[in-house]
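Raw data20.cif, mmCIF, C-alpha atoms and all ligand atoms:
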data_protein
loop_
_atom_site.group_PDB
_atom_site.id
_atom_site.type_symbol
_atom_site.label_atom_id
_atom_site.label_comp_id
_atom_site.auth_asym_id
_atom_site.auth_seq_id
_atom_site.Cartn_x
_atom_site.Cartn_y
_atom_site.Cartn_z
ATOM 1 C CA MET A 1 330.508 213.027 108.103
ATOM 2 C CA ASN A 2 327.222 213.882 109.775
ATOM 3 C CA ARG A 3 325.205 210.675 109.445
ATOM 4 C CA LEU A 4 321.891 211.795 110.902
ATOM 5 C CA CYS A 5 318.947 211.239 108.566
ATOM 6 C CA VAL A 6 315.258 211.517 109.431
ATOM 7 C CA HIS A 7 312.322 209.846 107.664
ATOM 8 C CA THR A 8 309.448 212.141 106.743
ATOM 9 C CA ILE A 9 307.063 209.650 108.397
ATOM 10 C CA THR A 10 308.859 210.306 111.692
ATOM 11 C CA THR A 11 307.482 213.838 111.612
ATOM 12 C CA LYS A 12 304.248 212.827 109.885
ATOM 13 C CA PRO A 13 302.345 216.018 110.805
ATOM 14 C CA LEU A 14 304.888 218.077 108.805
ATOM 15 C CA SER A 15 304.665 218.568 105.040
ATOM 16 C CA VAL A 16 307.785 217.684 103.074
ATOM 17 C CA GLU A 17 308.427 221.426 102.644
ATOM 18 C CA GLU A 18 308.286 221.870 106.436
ATOM 19 C CA CYS A 19 310.706 218.958 106.807
ATOM 20 C CA PHE A 20 313.116 220.743 104.455
ATOM 21 C CA ARG A 21 312.906 223.823 106.686
ATOM 22 C CA GLN A 22 312.991 222.150 110.077
ATOM 23 C CA TYR A 23 315.550 219.345 109.653
ATOM 24 C CA PRO A 24 318.763 221.226 108.775
ATOM 25 C CA PRO A 25 318.815 223.583 111.792
ATOM 26 C CA ARG A 26 318.851 220.466 114.026
ATOM 27 C CA GLY A 27 321.890 219.037 112.294
ATOM 28 C CA VAL A 28 319.922 216.600 110.154
ATOM 29 C CA ALA A 29 321.898 216.003 106.961
ATOM 30 C CA GLY A 30 319.796 213.355 105.196
ATOM 31 C CA ILE A 31 316.117 212.825 104.521
ATOM 32 C CA THR A 32 314.262 209.677 103.543
ATOM 33 C CA ILE A 33 311.042 210.622 101.824
ATOM 34 C CA TRP A 34 307.868 208.590 102.163
ATOM 35 C CA ARG A 35 305.747 208.486 99.054
ATOM 36 C CA GLN A 36 302.659 209.951 100.712
ATOM 37 C CA ALA A 37 304.688 213.118 101.397
ATOM 38 C CA LEU A 38 305.076 213.499 97.623
ATOM 39 C CA GLU A 39 301.384 213.499 96.812
ATOM 40 C CA GLY A 40 300.465 216.445 94.619
ATOM 41 C CA ARG A 41 304.096 217.593 94.384
ATOM 42 C CA ASP A 42 306.189 218.345 91.331
ATOM 43 C CA LEU A 43 309.011 215.826 91.760
ATOM 44 C CA PRO A 44 311.866 217.777 90.134
ATOM 45 C CA SER A 45 310.914 220.681 92.379
ATOM 46 C CA VAL A 46 311.118 218.426 95.459
ATOM 47 C CA LYS A 47 314.597 217.390 94.365
ATOM 48 C CA ARG A 48 315.652 221.059 93.994
ATOM 49 C CA GLN A 49 314.169 222.069 97.324
ATOM 50 C CA ALA A 50 316.048 219.289 99.125
ATOM 51 C CA ALA A 51 319.290 220.369 97.491
ATOM 52 C CA ASP A 52 318.623 224.011 98.371
ATOM 53 C CA ALA A 53 318.058 222.964 101.986
ATOM 54 C CA GLY A 54 321.385 221.109 101.946
ATOM 55 C CA LEU A 55 319.670 217.777 102.538
ATOM 56 C CA ASP A 56 320.758 214.518 100.933
ATOM 57 C CA ILE A 57 317.820 212.415 99.779
ATOM 58 C CA VAL A 58 318.794 209.029 101.176
ATOM 59 C CA SER A 59 315.880 206.774 100.167
ATOM 60 C CA LEU A 60 312.333 206.650 98.972
ATOM 61 C CA CYS A 61 309.954 204.674 101.214
ATOM 62 C CA ARG A 62 308.491 202.464 100.202
ATOM 63 C CA GLY A 63 308.011 199.806 97.546
ATOM 64 C CA GLY A 64 307.194 196.148 97.958
ATOM 65 C CA PHE A 65 303.907 194.507 98.968
ATOM 66 C CA PHE A 66 304.340 191.964 96.189
ATOM 67 C CA PRO A 67 302.313 188.966 97.429
ATOM 68 C CA ALA A 68 298.643 188.712 96.561
ATOM 69 C CA THR A 69 296.139 185.972 95.866
ATOM 70 C CA THR A 70 295.439 186.901 92.233
ATOM 71 C CA ASP A 71 297.609 187.509 89.186
ATOM 72 C CA ALA A 72 295.933 190.871 88.666
ATOM 73 C CA ALA A 73 296.758 192.050 92.177
ATOM 74 C CA ARG A 74 300.350 190.848 91.858
ATOM 75 C CA GLN A 75 300.671 192.725 88.575
ATOM 76 C CA SER A 76 299.236 195.846 90.123
ATOM 77 C CA ALA A 77 301.893 195.603 92.873
ATOM 78 C CA ILE A 78 304.591 195.317 90.220
ATOM 79 C CA ASP A 79 303.163 198.374 88.431
ATOM 80 C CA ASP A 80 303.205 200.298 91.683
ATOM 81 C CA ASN A 81 306.865 199.381 92.224
ATOM 82 C CA LEU A 82 307.673 200.569 88.707
ATOM 83 C CA ARG A 83 306.021 203.893 89.593
ATOM 84 C CA ALA A 84 308.099 204.051 92.781
ATOM 85 C CA ILE A 85 311.254 203.545 90.716
ATOM 86 C CA GLU A 86 310.247 206.459 88.460
ATOM 87 C CA GLN A 87 309.532 208.618 91.504
ATOM 88 C CA ALA A 88 312.867 207.760 93.111
ATOM 89 C CA HIS A 89 314.659 208.630 89.911
ATOM 90 C CA ALA A 90 312.751 211.919 89.625
ATOM 91 C CA ILE A 91 313.647 213.089 93.126
ATOM 92 C CA GLY A 92 317.200 211.750 92.934
ATOM 93 C CA ALA A 93 316.759 209.063 95.607
ATOM 94 C CA PRO A 94 319.404 206.361 95.085
ATOM 95 C CA LEU A 95 317.473 203.676 96.967
ATOM 96 C CA ILE A 96 313.951 202.358 97.484
ATOM 97 C CA VAL A 97 313.173 200.505 100.681
ATOM 98 C CA LEU A 98 311.027 197.421 100.117
ATOM 99 C CA VAL A 99 308.477 196.352 102.694
ATOM 100 C CA CYS A 100 307.948 193.088 100.923
ATOM 101 C CA GLY A 101 304.373 192.185 101.866
ATOM 102 C CA ALA A 102 302.380 189.187 103.070
ATOM 103 C CA VAL A 103 298.820 187.958 102.799
ATOM 104 C CA PRO A 104 296.976 186.615 105.833
ATOM 105 C CA GLY A 105 296.173 182.968 105.191
ATOM 106 C CA GLN A 106 298.703 182.520 102.399
ATOM 107 C CA SER A 107 301.774 180.537 103.394
ATOM 108 C CA LEU A 108 304.889 182.538 104.117
ATOM 109 C CA VAL A 109 306.829 180.260 101.790
ATOM 110 C CA GLU A 110 304.464 181.111 98.922
ATOM 111 C CA SER A 111 304.614 184.805 99.800
ATOM 112 C CA ARG A 112 308.411 184.734 99.764
ATOM 113 C CA LYS A 113 308.320 183.106 96.358
ATOM 114 C CA GLN A 114 305.996 185.842 95.078
ATOM 115 C CA ILE A 115 308.264 188.475 96.638
ATOM 116 C CA THR A 116 311.271 186.977 94.870
ATOM 117 C CA ASP A 117 309.397 186.922 91.547
ATOM 118 C CA GLY A 118 308.072 190.463 92.082
ATOM 119 C CA ILE A 119 311.511 191.893 92.815
ATOM 120 C CA GLY A 120 312.914 189.964 89.877
ATOM 121 C CA SER A 121 310.438 191.577 87.519
ATOM 122 C CA VAL A 122 311.351 195.165 88.479
ATOM 123 C CA LEU A 123 315.138 194.811 88.721
ATOM 124 C CA ALA A 124 315.791 195.784 85.112
ATOM 125 C CA ALA A 125 313.758 198.979 85.519
ATOM 126 C CA ALA A 126 315.639 199.775 88.739
ATOM 127 C CA GLU A 127 318.958 199.278 87.010
ATOM 128 C CA HIS A 128 317.886 201.445 84.086
ATOM 129 C CA ALA A 129 316.838 204.217 86.478
ATOM 130 C CA GLY A 130 320.022 203.907 88.541
ATOM 131 C CA VAL A 131 318.019 203.118 91.665
ATOM 132 C CA LYS A 132 318.871 200.365 94.146
ATOM 133 C CA LEU A 133 316.250 198.294 95.922
ATOM 134 C CA ALA A 134 316.717 197.275 99.548
ATOM 135 C CA ILE A 135 314.771 194.463 101.174
ATOM 136 C CA GLU A 136 313.858 195.449 104.720
ATOM 137 C CA PRO A 137 313.239 192.402 106.909
ATOM 138 C CA LEU A 138 310.329 193.139 109.270
ATOM 139 C CA HIS A 139 309.855 191.859 112.809
ATOM 140 C CA PRO A 140 307.917 188.558 112.796
ATOM 141 C CA LEU A 141 304.942 190.237 114.471
ATOM 142 C CA TYR A 142 304.276 191.753 111.028
ATOM 143 C CA ALA A 143 304.437 188.404 109.210
ATOM 144 C CA ASP A 144 300.652 188.323 108.823
ATOM 145 C CA ASN A 145 300.144 191.188 106.420
ATOM 146 C CA ARG A 146 303.271 193.321 106.075
ATOM 147 C CA SER A 147 306.206 191.091 105.334
ATOM 148 C CA ALA A 148 306.992 187.426 104.911
ATOM 149 C CA VAL A 149 310.666 188.417 105.098
ATOM 150 C CA ASN A 150 311.414 188.510 108.800
ATOM 151 C CA THR A 151 315.138 187.924 109.132
ATOM 152 C CA MET A 152 318.322 189.096 107.493
ATOM 153 C CA ARG A 153 318.961 185.491 106.516
ATOM 154 C CA GLN A 154 315.712 185.378 104.509
ATOM 155 C CA ALA A 155 316.601 188.678 102.830
ATOM 156 C CA HIS A 156 319.978 187.220 101.851
ATOM 157 C CA GLU A 157 318.241 184.108 100.487
ATOM 158 C CA ILE A 158 316.134 186.263 98.161
ATOM 159 C CA CYS A 159 319.220 188.148 96.946
ATOM 160 C CA ASP A 160 320.931 184.786 96.357
ATOM 161 C CA ALA A 161 317.914 183.319 94.541
ATOM 162 C CA LEU A 162 317.953 186.269 92.134
ATOM 163 C CA GLY A 163 321.648 185.769 91.410
ATOM 164 C CA SER A 164 322.957 188.558 93.689
ATOM 165 C CA PRO A 165 322.117 191.442 91.352
ATOM 166 C CA LYS A 166 324.086 194.572 92.224
ATOM 167 C CA GLN A 167 320.818 196.502 92.161
ATOM 168 C CA LEU A 168 319.488 194.633 95.194
ATOM 169 C CA GLY A 169 320.503 194.950 98.834
ATOM 170 C CA ILE A 170 319.180 194.985 102.374
ATOM 171 C CA ALA A 171 317.900 197.680 104.734
ATOM 172 C CA VAL A 172 318.683 196.926 108.367
ATOM 173 C CA ASP A 173 316.139 198.364 110.786
ATOM 174 C CA VAL A 174 317.127 197.750 114.394
ATOM 175 C CA TYR A 175 313.461 197.699 115.438
ATOM 176 C CA HIS A 176 312.837 194.663 113.279
ATOM 177 C CA VAL A 177 315.986 192.610 113.723
ATOM 178 C CA TRP A 178 317.521 193.439 117.110
ATOM 179 C CA TRP A 179 316.257 190.175 118.620
ATOM 180 C CA ASP A 180 317.817 187.914 115.966
ATOM 181 C CA PRO A 181 320.569 185.667 117.397
ATOM 182 C CA GLU A 182 322.235 185.683 113.961
ATOM 183 C CA LEU A 183 322.156 189.452 113.589
ATOM 184 C CA GLU A 184 325.847 190.239 113.925
ATOM 185 C CA GLU A 185 326.830 187.440 111.563
ATOM 186 C CA GLN A 186 324.166 188.383 109.003
ATOM 187 C CA ILE A 187 325.166 192.061 109.071
ATOM 188 C CA LYS A 188 328.786 191.038 108.457
ATOM 189 C CA HIS A 189 327.608 188.839 105.593
ATOM 190 C CA ALA A 190 325.713 191.818 104.154
ATOM 191 C CA GLY A 191 328.920 193.825 104.307
ATOM 192 C CA ARG A 192 330.916 191.132 102.539
ATOM 193 C CA THR A 193 328.310 190.762 99.797
ATOM 194 C CA GLY A 194 327.855 194.501 99.193
ATOM 195 C CA ARG A 195 324.248 194.384 100.374
ATOM 196 C CA LEU A 196 324.385 196.670 103.403
ATOM 197 C CA ASP A 197 322.494 199.606 101.955
ATOM 198 C CA ALA A 198 320.465 201.280 104.690
ATOM 199 C CA PHE A 199 320.360 201.496 108.467
ATOM 200 C CA HIS A 200 317.212 202.528 110.359
ATOM 201 C CA ILE A 201 317.084 203.344 114.061
ATOM 202 C CA CYS A 202 314.500 203.806 116.797
ATOM 203 C CA ASP A 203 313.798 201.910 120.013
ATOM 204 C CA TRP A 204 311.607 199.107 121.383
ATOM 205 C CA LYS A 205 309.501 200.268 124.321
ATOM 206 C CA THR A 206 308.366 198.134 127.243
ATOM 207 C CA PRO A 207 305.465 197.840 127.217
ATOM 208 C CA THR A 208 304.716 198.519 123.582
ATOM 209 C CA VAL A 209 301.080 199.627 123.584
ATOM 210 C CA ASP A 210 300.508 199.617 119.822
ATOM 211 C CA LEU A 211 302.196 197.108 117.529
ATOM 212 C CA LEU A 212 302.672 199.622 114.741
ATOM 213 C CA ASN A 213 302.676 203.135 116.108
ATOM 214 C CA ASP A 214 304.451 203.004 119.460
ATOM 215 C CA ARG A 215 308.109 203.047 118.531
ATOM 216 C CA GLY A 216 310.445 204.841 120.870
ATOM 217 C CA LEU A 217 313.125 207.460 120.494
ATOM 218 C CA MET A 218 316.645 206.124 120.769
ATOM 219 C CA GLY A 219 317.209 205.470 124.473
ATOM 220 C CA GLU A 220 313.506 205.080 125.308
ATOM 221 C CA GLY A 221 313.696 201.308 124.955
ATOM 222 C CA CYS A 222 315.871 198.232 125.118
ATOM 223 C CA ILE A 223 317.570 197.932 121.722
ATOM 224 C CA ASN A 224 321.385 197.841 121.709
ATOM 225 C CA ILE A 225 321.414 200.495 118.975
ATOM 226 C CA ARG A 226 325.011 201.561 119.477
ATOM 227 C CA GLU A 227 326.321 198.000 119.359
ATOM 228 C CA ILE A 228 324.326 197.075 116.223
ATOM 229 C CA SER A 229 325.547 200.302 114.581
ATOM 230 C CA GLU A 230 329.119 199.265 115.347
ATOM 231 C CA TRP A 231 328.540 195.863 113.724
ATOM 232 C CA ALA A 232 327.290 197.648 110.609
ATOM 233 C CA ASP A 233 330.233 200.044 110.570
ATOM 234 C CA GLU A 234 332.698 197.182 111.081
ATOM 235 C CA ALA A 235 331.045 195.515 108.093
ATOM 236 C CA GLY A 236 331.915 198.578 106.026
ATOM 237 C CA PHE A 237 328.691 200.572 106.248
ATOM 238 C CA LYS A 238 329.345 204.282 105.827
ATOM 239 C CA GLY A 239 325.840 205.538 105.141
ATOM 240 C CA TYR A 240 323.269 207.467 107.123
ATOM 241 C CA ARG A 241 321.671 206.422 110.382
ATOM 242 C CA GLU A 242 318.033 206.990 109.611
ATOM 243 C CA VAL A 243 315.636 207.845 112.409
ATOM 244 C CA GLU A 244 312.348 206.147 111.570
ATOM 245 C CA ILE A 245 309.777 206.412 114.340
ATOM 246 C CA PHE A 246 306.081 205.640 113.998
ATOM 247 C CA SER A 247 304.549 206.998 117.174
ATOM 248 C CA ASP A 248 301.082 208.283 117.916
ATOM 249 C CA LYS A 249 302.565 209.784 121.070
ATOM 250 C CA TRP A 250 305.304 211.738 119.280
ATOM 251 C CA TRP A 251 303.041 212.703 116.355
ATOM 252 C CA GLY A 252 300.789 214.310 118.973
ATOM 253 C CA GLU A 253 303.631 216.528 120.241
ATOM 254 C CA ASP A 254 304.991 219.736 118.789
ATOM 255 C CA GLN A 255 307.224 218.472 115.949
ATOM 256 C CA ALA A 256 309.884 221.139 116.528
ATOM 257 C CA PHE A 257 310.245 219.861 120.093
ATOM 258 C CA PHE A 258 310.303 216.263 118.814
ATOM 259 C CA LEU A 259 313.071 217.099 116.328
ATOM 260 C CA ASP A 260 315.099 218.659 119.148
ATOM 261 C CA GLN A 261 314.671 215.394 121.080
ATOM 262 C CA ILE A 262 315.746 213.343 118.065
ATOM 263 C CA ALA A 263 318.898 215.419 117.658
ATOM 264 C CA SER A 264 319.839 215.198 121.317
ATOM 265 C CA ARG A 265 319.087 211.451 121.644
ATOM 266 C CA TYR A 266 321.070 210.832 118.477
ATOM 267 C CA SER A 267 324.095 212.649 119.928
ATOM 268 C CA GLN A 268 323.777 210.708 123.186
ATOM 269 C CA THR A 269 323.534 207.385 121.361
ATOM 270 C CA TYR A 270 326.693 207.987 119.350
ATOM 271 C CA SER A 271 328.728 210.131 121.777
HETATM 272 ZN ZN ZN A 301 312.734 200.827 108.610
#
For this file, produce the structure as structure tokens.
Ligand code: ZN
Amino acid sequence: MNRLCVHTITTKPLSVEECFRQYPPRGVAGITIWRQALEGRDLPSVKRQAADAGLDIVSLCRGGFFPATTDAARQSAIDDNLRAIEQAHAIGAPLIVLVCGAVPGQSLVESRKQITDGIGSVLAAAEHAGVKLAIEPLHPLYADNRSAVNTMRQAHEICDALGSPKQLGIAVDVYHVWWDPELEEQIKHAGRTGRLDAFHICDWKTPTVDLLNDRGLMGEGCINIREISEWADEAGFKGYREVEIFSDKWWGEDQAFFLDQIASRYSQTYS
């Protein structure tokens, strides 16, 4: 099976309709749709257009951001996640990726507790909609305001704390976890527990000039992407390899050229 998927954020200058046109000719078989790409769209129509283009909708990005300093703000995050579940259901996305959130100045332990509670309060809705949720651990450099979940181990701990619901799993993004000395073991554990639900790829550039928007194409950096992919596959992962690149540099290029580069780097990585 062709396992190449691209996130709409990777080609941020393109509308979702342009993604539907430009991905398939490059051999892209899956698409992960970011919620901002859906703004103003009729969701059933988006679902039809993806099917007409021959693209599998792999995930909706993103839910999460549960921690906050007030009850009202935490409730509003839960409401937003419930909306994301409805959107995922409407476009036929089987999975929502959770960037779990963090609050500068609030302890990471407290934030993880709020994340656990937040996920717990939307699980029933996810199950009802037939949508899975996947916790994406983020690199510790984002522990201030994006995610208090920074390792696969912590993601597993949240799944355990909630009683290992079948609706909850983990999204492995090589950019965030490649450095973790426990990575291979934790990926295998995710396979054994049925939690290995998504696999995101890009590369870590040296130097990285912007902490958020300077990710590299596969092969532009130092991540052992092929090896980590093999760990996932050995753990039973059969899903898409999702190219997720935030890059001011690449967003400034012609996106057709960028997509050609993605396709060729992908082939080189997995040849
Ligand atoms: Zn990711």
task: Name the residues that the PyMOL selection byres (((not hetatm)) within 9 of (chain A and resi 301)) picks from the file above, as a VMD selection string, using the file's chain letters and numbers.
output: chain A and resid 61 97 99 136 to 138 171 to 176 198 to 202 242 to 245
- prompt: Which residue out of A:Asp210, A:Asp56, A:Asp42, A:Asp79 has the minimum interatomic distance to Cys5 of chain A when all atoms listed in the file are used?
  reply: A:Asp56
- request: For the structure shown, which residues end up in the PyMOL selection byres (((chain A and resi 195) around 9) and not hetatm)? Put them as a ChimeraX atom specification, please?
  value: /A:134,156,159,164,166,168-171,189-194,196-198
- prompt: If we count only C-alpha atoms, what is near Arg21 of chain A at a cut-off of 12 Å, once residues fewer than 3 positions away on the same chain are taken out, given as a ChimeraX atom specification?
  reply: /A:14-18,24-29,31,49-55,256,259
- request: Select, from A:Ser264, A:Ser111, A:Thr269, A:Ser76, the residue with the minimum atom-to-atom distance to Ser229 of chain A, counting all atoms listed in the file.
  value: A:Thr269
message: Can you pull out the residues contacting segment 141-153 of chain A? Cut-off 7 Å, using all atoms listed in the file, and skip same-chain residues under 6 positions away; I want them as a ChimeraX atom specification.
response: /A:99-104,108,111-112,177,186
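In this structure, atom CA of Arg241 of chain A sits 11.9 Å away from atom CA of Ile262 of chain A.
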task: To one decimal in Å, tell me the separation between atom CA of Pro13 of chain A and atom CA of Leu95 of chain A.
output: 23.9 Å
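For the pair atom CA of Pro67 of chain A and atom CA of Leu212 of chain A, the separation is 20.3 Å.
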field: From A:Gly216, A:Thr208, A:His89, A:Phe65, residue lying nearest Trp251 of chain A [all atoms listed in the file]
entry: A:Gly216
- request: Could you state which residues are captured by the PyMOL selection byres (((chain A and resi 3) around 6) and not hetatm) in this file, as an MDAnalysis selection string?
  value: chainID A and resid 1:2 4 240:241
query: With distances taken over only C-alpha atoms, which of A:Thr69, A:Thr32, A:Thr10, A:Gln106 is nearest to Pro94 of chain A?
result: A:Thr32
- request: Would you be able to write out as a PyMOL selection string which residues have an atom within 12 Å of (316.5, 199.0, 85.9) in the file's coordinates, counting all atoms listed in the file?
  value: chain A and resi 81-82+84-86+88-89+119-133+165-168
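Considering only C-alpha atoms, the residue among A:Pro140, A:Gly30, A:Ala73, A:Phe66 positioned nearest to Ala93 of chain A is A:Gly30.
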Could you write out as lines of an AutoDock Vina configuration file the box around segment 7-21 of chain A (axis-aligned, all atoms listed in the file, 8 Å on each side), with centre and edge lengths in Å to one decimal?
center_x = 307.7
center_y = 216.7
center_z = 107.2
size_x = 26.8
size_y = 30.2
size_z = 25.0
Rebuild segment 18-49 of chain A to N, CA and C atoms - output it as a PDB file, in the coordinates of the input, please.
ATOM      1  N   GLU A  18     307.942 221.532 105.043  1.00  0.00           N
ATOM      2  CA  GLU A  18     308.286 221.870 106.436  1.00  0.00           C
ATOM      3  C   GLU A  18     309.470 221.033 106.920  1.00  0.00           C
ATOM      4  N   CYS A  19     309.536 219.783 106.462  1.00  0.00           N
ATOM      5  CA  CYS A  19     310.706 218.958 106.807  1.00  0.00           C
ATOM      6  C   CYS A  19     311.978 219.616 106.283  1.00  0.00           C
ATOM      7  N   PHE A  20     311.928 220.096 105.043  1.00  0.00           N
ATOM      8  CA  PHE A  20     313.116 220.743 104.455  1.00  0.00           C
ATOM      9  C   PHE A  20     313.546 221.952 105.295  1.00  0.00           C
ATOM     10  N   ARG A  21     312.570 222.656 105.861  1.00  0.00           N
ATOM     11  CA  ARG A  21     312.906 223.823 106.686  1.00  0.00           C
ATOM     12  C   ARG A  21     313.390 223.433 108.070  1.00  0.00           C
ATOM     13  N   GLN A  22     312.741 222.410 108.648  1.00  0.00           N
ATOM     14  CA  GLN A  22     312.991 222.150 110.077  1.00  0.00           C
ATOM     15  C   GLN A  22     314.122 221.159 110.349  1.00  0.00           C
ATOM     16  N   TYR A  23     314.491 220.329 109.376  1.00  0.00           N
ATOM     17  CA  TYR A  23     315.550 219.345 109.653  1.00  0.00           C
ATOM     18  C   TYR A  23     316.949 219.975 109.747  1.00  0.00           C
ATOM     19  N   PRO A  24     317.361 220.773 108.758  1.00  0.00           N
ATOM     20  CA  PRO A  24     318.763 221.226 108.775  1.00  0.00           C
ATOM     21  C   PRO A  24     319.190 221.985 110.029  1.00  0.00           C
ATOM     22  N   PRO A  25     318.342 222.873 110.598  1.00  0.00           N
ATOM     23  CA  PRO A  25     318.815 223.583 111.792  1.00  0.00           C
ATOM     24  C   PRO A  25     319.114 222.661 112.977  1.00  0.00           C
ATOM     25  N   ARG A  26     318.563 221.426 112.944  1.00  0.00           N
ATOM     26  CA  ARG A  26     318.851 220.466 114.026  1.00  0.00           C
ATOM     27  C   ARG A  26     320.033 219.568 113.685  1.00  0.00           C
ATOM     28  N   GLY A  27     320.745 219.869 112.634  1.00  0.00           N
ATOM     29  CA  GLY A  27     321.890 219.037 112.294  1.00  0.00           C
ATOM     30  C   GLY A  27     321.522 217.782 111.524  1.00  0.00           C
ATOM     31  N   VAL A  28     320.308 217.745 110.987  1.00  0.00           N
ATOM     32  CA  VAL A  28     319.922 216.600 110.154  1.00  0.00           C
ATOM     33  C   VAL A  28     320.493 216.825 108.751  1.00  0.00           C
ATOM     34  N   ALA A  29     321.226 215.828 108.252  1.00  0.00           N
ATOM     35  CA  ALA A  29     321.898 216.003 106.961  1.00  0.00           C
ATOM     36  C   ALA A  29     321.228 215.221 105.832  1.00  0.00           C
ATOM     37  N   GLY A  30     320.441 214.186 106.209  1.00  0.00           N
ATOM     38  CA  GLY A  30     319.796 213.355 105.196  1.00  0.00           C
ATOM     39  C   GLY A  30     318.301 213.259 105.447  1.00  0.00           C
ATOM     40  N   ILE A  31     317.574 212.990 104.391  1.00  0.00           N
ATOM     41  CA  ILE A  31     316.117 212.825 104.521  1.00  0.00           C
ATOM     42  C   ILE A  31     315.693 211.618 103.685  1.00  0.00           C
ATOM     43  N   THR A  32     314.902 210.759 104.298  1.00  0.00           N
ATOM     44  CA  THR A  32     314.262 209.677 103.543  1.00  0.00           C
ATOM     45  C   THR A  32     312.805 210.059 103.383  1.00  0.00           C
ATOM     46  N   ILE A  33     312.376 210.097 102.136  1.00  0.00           N
ATOM     47  CA  ILE A  33     311.042 210.622 101.824  1.00  0.00           C
ATOM     48  C   ILE A  33     310.061 209.481 101.618  1.00  0.00           C
ATOM     49  N   TRP A  34     308.964 209.547 102.344  1.00  0.00           N
ATOM     50  CA  TRP A  34     307.868 208.590 102.163  1.00  0.00           C
ATOM     51  C   TRP A  34     306.974 209.074 101.032  1.00  0.00           C
ATOM     52  N   ARG A  35     306.458 208.119 100.287  1.00  0.00           N
ATOM     53  CA  ARG A  35     305.747 208.486  99.054  1.00  0.00           C
ATOM     54  C   ARG A  35     304.515 209.343  99.317  1.00  0.00           C
ATOM     55  N   GLN A  36     303.859 209.139 100.462  1.00  0.00           N
ATOM     56  CA  GLN A  36     302.659 209.951 100.712  1.00  0.00           C
ATOM     57  C   GLN A  36     303.004 211.433 100.872  1.00  0.00           C
ATOM     58  N   ALA A  37     304.261 211.714 101.266  1.00  0.00           N
ATOM     59  CA  ALA A  37     304.688 213.118 101.397  1.00  0.00           C
ATOM     60  C   ALA A  37     304.865 213.778 100.029  1.00  0.00           C
ATOM     61  N   LEU A  38     304.876 212.953  98.975  1.00  0.00           N
ATOM     62  CA  LEU A  38     305.076 213.499  97.623  1.00  0.00           C
ATOM     63  C   LEU A  38     303.772 213.758  96.888  1.00  0.00           C
ATOM     64  N   GLU A  39     302.661 213.376  97.520  1.00  0.00           N
ATOM     65  CA  GLU A  39     301.384 213.499  96.812  1.00  0.00           C
ATOM     66  C   GLU A  39     301.112 214.941  96.390  1.00  0.00           C
ATOM     67  N   GLY A  40     300.794 215.110  95.123  1.00  0.00           N
ATOM     68  CA  GLY A  40     300.465 216.445  94.619  1.00  0.00           C
ATOM     69  C   GLY A  40     301.682 217.321  94.370  1.00  0.00           C
ATOM     70  N   ARG A  41     302.887 216.766  94.550  1.00  0.00           N
ATOM     71  CA  ARG A  41     304.096 217.593  94.384  1.00  0.00           C
ATOM     72  C   ARG A  41     304.701 217.389  92.997  1.00  0.00           C
ATOM     73  N   ASP A  42     305.370 218.440  92.548  1.00  0.00           N
ATOM     74  CA  ASP A  42     306.189 218.345  91.331  1.00  0.00           C
ATOM     75  C   ASP A  42     307.536 217.746  91.758  1.00  0.00           C
ATOM     76  N   LEU A  43     307.861 216.560  91.225  1.00  0.00           N
ATOM     77  CA  LEU A  43     309.011 215.826  91.760  1.00  0.00           C
ATOM     78  C   LEU A  43     310.359 216.517  91.510  1.00  0.00           C
ATOM     79  N   PRO A  44     310.600 217.049  90.307  1.00  0.00           N
ATOM     80  CA  PRO A  44     311.866 217.777  90.134  1.00  0.00           C
ATOM     81  C   PRO A  44     312.004 218.958  91.099  1.00  0.00           C
ATOM     82  N   SER A  45     310.869 219.566  91.428  1.00  0.00           N
ATOM     83  CA  SER A  45     310.914 220.681  92.379  1.00  0.00           C
ATOM     84  C   SER A  45     311.274 220.188  93.788  1.00  0.00           C
ATOM     85  N   VAL A  46     310.761 219.013  94.159  1.00  0.00           N
ATOM     86  CA  VAL A  46     311.118 218.426  95.459  1.00  0.00           C
ATOM     87  C   VAL A  46     312.632 218.176  95.525  1.00  0.00           C
ATOM     88  N   LYS A  47     313.161 217.657  94.434  1.00  0.00           N
ATOM     89  CA  LYS A  47     314.597 217.390  94.365  1.00  0.00           C
ATOM     90  C   LYS A  47     315.394 218.692  94.560  1.00  0.00           C
ATOM     91  N   ARG A  48     314.956 219.757  93.875  1.00  0.00           N
ATOM     92  CA  ARG A  48     315.652 221.059  93.994  1.00  0.00           C
ATOM     93  C   ARG A  48     315.551 221.621  95.400  1.00  0.00           C
ATOM     94  N   GLN A  49     314.342 221.517  95.981  1.00  0.00           N
ATOM     95  CA  GLN A  49     314.169 222.069  97.324  1.00  0.00           C
ATOM     96  C   GLN A  49     315.047 221.350  98.348  1.00  0.00           C
TER      97      GLN A  49
END
